Amino acid sequence: MTAPMIRQLSDLRAQVASWKAAGETIGLVPTMGALHQGHLSLVAAAKAACDRVIVTIFVNPRQFNSAEDLANYPKTEEQDAQKLKPFNVDALYVPDGDQIYPEGFSTTVSVGGVVDVLCGAARPGHFDGVATVVTKLFLQSQADQAFFGEKDFQQVQVVTRLARDLDIPIKVVPCPTIREEDGLAMSSRNLLLSDRARVYAPELNRAMEDVAESVLAGNDMAQARAAALARLERAGFTKVDYFELRASDDLRLLQRPDVPARLFVAAWLAGVRLIDNIAVG
Ligand code: PAF
């Protein structure tokens, strides 16, 4: 069944009120569209956990660092609605711009601490944009649970923190990264890769797996990282924003995985910024 499409906040509110009155729980899957299996796994998790599921599609201008990146971001609303059909979601909320940022909008939600590193450092203001729109979507939907992919591990930490700090009664549910068969983490940005770049893109994950194996074997992180960077350069990656080992709980930088740790990488291939992270150990 095609999900009922809602574009106005007042319509969403009316729908949510009727579900709440019936005592039903609501799951939220916030997206920027260009849906892939990663998103659909979040929808499946939401369906399994909640009575009602709202998927949102909103390409949030405030989280982009350049007008060009925003303009290039894939927009595939019709295909997205088709992909959602088998899941029978209860609402597809595709808000008009003014339903999120009405005229005169002047509030920013800014989370401290976890945003100072990785994508927060490489993309100034990005997480303010994410935190602001996610706060709005949490409050607009009044959902009980919200589902986010661990591919954006730092984003999961940001939205978990903001819900806690602002007493928004919602449970943030992290879901595992979904990968292509060759290991490339699924991402809407993969659609922007040329055929040639797509062939080399999985090197990112392979380089991470090698570094993880190496540091787990007790080898030096700096050496393993240097080898990984050389490998990425050979594969055609032009810039690496970060390739770091960090603690899973607070993202502090580590030299060895002596606490639960993850490797985080962001690198550019043929003009496309790819990010990924994996647990180490
Ligand atoms: O992960 C995304 O697609 C976006 O950052 C989100 C959470 C939908 C906010 O715009």
# chains A, B, ... in the order shown; residues from 1 in each chain; ligands from 1
call {"tool": "select_by_dssp", "arguments": {"residues": "segment 186-241 of chain A", "states": "alpha helix (DSSP H)", "output": "PyMOL selection string"}}
result
chain A and resi 195-200+203-216+221-234
call {"tool": "residues_near_ligand", "arguments": {"ligand": "ligand 1", "cutoff": "8 Å", "atoms": "only C-alpha atoms and all ligand atoms", "output": "PDB file with C-alpha atoms, in the first residue's frame"}}
result
ATOM      1  CA  VAL A  29      12.365   7.062  10.739  1.00  0.00           C
ATOM      2  CA  PRO A  30      13.841  10.436   9.787  1.00  0.00           C
ATOM      3  CA  THR A  31      15.501  10.498   6.346  1.00  0.00           C
ATOM      4  CA  MET A  32      16.556  12.874   3.593  1.00  0.00           C
ATOM      5  CA  GLY A  33      15.166  10.521   0.959  1.00  0.00           C
ATOM      6  CA  THR A  56      10.013  11.510   7.055  1.00  0.00           C
ATOM      7  CA  ILE A  57      11.734  12.832   3.959  1.00  0.00           C
ATOM      8  CA  PHE A  58      13.190  16.305   4.274  1.00  0.00           C
ATOM      9  CA  VAL A  59      16.419  17.419   2.638  1.00  0.00           C
ATOM     10  CA  ASN A  60      17.494  19.704   5.442  1.00  0.00           C
ATOM     11  CA  GLN A  63      23.011  20.600   7.647  1.00  0.00           C
ATOM     12  CA  GLY A 129      21.593  21.659  11.425  1.00  0.00           C
ATOM     13  CA  VAL A 130      21.015  17.978  12.212  1.00  0.00           C
ATOM     14  CA  ALA A 131      20.175  18.644  15.878  1.00  0.00           C
ATOM     15  CA  VAL A 133      15.799  19.468  12.406  1.00  0.00           C
ATOM     16  CA  VAL A 134      15.779  16.256  14.447  1.00  0.00           C
ATOM     17  CA  PHE A 148      18.897   5.869  13.159  1.00  0.00           C
ATOM     18  CA  GLY A 149      21.639   4.003  11.300  1.00  0.00           C
ATOM     19  CA  ASP A 152      26.282   7.914  11.085  1.00  0.00           C
ATOM     20  CA  GLN A 155      24.872  11.536  14.569  1.00  0.00           C
TER      21      GLN A 155
END
call {"tool": "closest_residue", "arguments": {"among": "A:Ala207, A:Leu12, A:Leu216, A:Ile100", "to": "Phe243 of chain A", "atoms": "only C-alpha atoms"}}
result
A:Ala207
call {"tool": "closest_residue", "arguments": {"among": "A:Val159, A:Val109, A:Leu35, A:Leu245", "to": "Lys83 of chain A", "atoms": "only C-alpha atoms"}}
result
A:Leu35
call {"tool": "residues_around", "arguments": {"residues": "segment 164-175 of chain A", "least_positions_apart": "3", "cutoff": "6 Å", "atoms": "only C-alpha atoms", "output": "VMD selection string"}}
result
chain A and resid 144 to 150 160 to 161
call {"tool": "write_last_selection", "arguments": {"atoms": "all heavy atoms", "output": "compact mmCIF listing (two decimals), in the first residue's frame"}}
result
# COMPACT_ATOMS: atom_id res chain seq x y z
N ASP A 144 7.42 7.70 19.97
CA ASP A 144 7.94 7.04 21.17
C ASP A 144 9.37 6.56 20.94
O ASP A 144 10.16 6.48 21.87
CB ASP A 144 7.07 5.82 21.52
CG ASP A 144 5.64 6.25 21.77
OD1 ASP A 144 5.37 6.73 22.88
OD2 ASP A 144 4.81 6.17 20.84
N GLN A 145 9.65 6.18 19.69
CA GLN A 145 10.98 5.67 19.37
C GLN A 145 11.41 6.25 18.01
O GLN A 145 10.56 6.43 17.13
CB GLN A 145 10.98 4.14 19.26
CG GLN A 145 10.53 3.45 20.54
CD GLN A 145 10.79 1.95 20.51
OE1 GLN A 145 11.80 1.51 19.99
NE2 GLN A 145 9.88 1.18 21.07
N ALA A 146 12.71 6.48 17.87
CA ALA A 146 13.23 6.96 16.58
C ALA A 146 14.41 6.10 16.19
O ALA A 146 15.24 5.75 17.03
CB ALA A 146 13.65 8.42 16.69
N PHE A 147 14.51 5.79 14.91
CA PHE A 147 15.47 4.79 14.43
C PHE A 147 16.52 5.46 13.54
O PHE A 147 16.16 6.13 12.57
CB PHE A 147 14.70 3.67 13.68
CG PHE A 147 13.74 2.95 14.60
CD1 PHE A 147 12.53 3.52 14.93
CD2 PHE A 147 14.09 1.73 15.16
CE1 PHE A 147 11.65 2.89 15.82
CE2 PHE A 147 13.22 1.09 16.05
CZ PHE A 147 12.00 1.67 16.38
N PHE A 148 17.79 5.24 13.89
CA PHE A 148 18.90 5.87 13.16
C PHE A 148 19.95 4.81 12.85
O PHE A 148 20.21 3.91 13.66
CB PHE A 148 19.56 6.96 14.01
CG PHE A 148 18.69 8.17 14.22
CD1 PHE A 148 17.79 8.21 15.28
CD2 PHE A 148 18.75 9.26 13.37
CE1 PHE A 148 16.98 9.33 15.49
CE2 PHE A 148 17.96 10.38 13.57
CZ PHE A 148 17.06 10.42 14.62
N GLY A 149 20.61 4.96 11.70
CA GLY A 149 21.64 4.00 11.30
C GLY A 149 22.99 4.33 11.93
O GLY A 149 23.37 5.50 12.03
N GLU A 150 23.70 3.27 12.31
CA GLU A 150 25.01 3.47 12.92
C GLU A 150 26.08 3.88 11.92
O GLU A 150 27.20 4.19 12.31
CB GLU A 150 25.46 2.19 13.64
CG GLU A 150 24.78 2.02 14.98
CD GLU A 150 25.33 0.85 15.77
OE1 GLU A 150 25.82 -0.12 15.13
OE2 GLU A 150 25.25 0.88 16.99
N THR A 160 20.88 11.26 20.48
CA THR A 160 20.62 10.65 21.79
C THR A 160 20.81 11.70 22.89
O THR A 160 20.00 11.85 23.79
CB THR A 160 21.57 9.46 22.04
OG1 THR A 160 21.43 8.54 20.97
CG2 THR A 160 21.28 8.76 23.35
N ARG A 161 21.91 12.44 22.76
CA ARG A 161 22.25 13.48 23.75
C ARG A 161 21.17 14.56 23.80
O ARG A 161 20.72 14.98 24.85
CB ARG A 161 23.60 14.07 23.33
CG ARG A 161 24.25 15.05 24.23
CD ARG A 161 24.94 14.39 25.38
NE ARG A 161 24.15 14.54 26.57
CZ ARG A 161 24.34 13.89 27.71
NH1 ARG A 161 25.27 13.00 27.82
NH2 ARG A 161 23.58 14.11 28.75
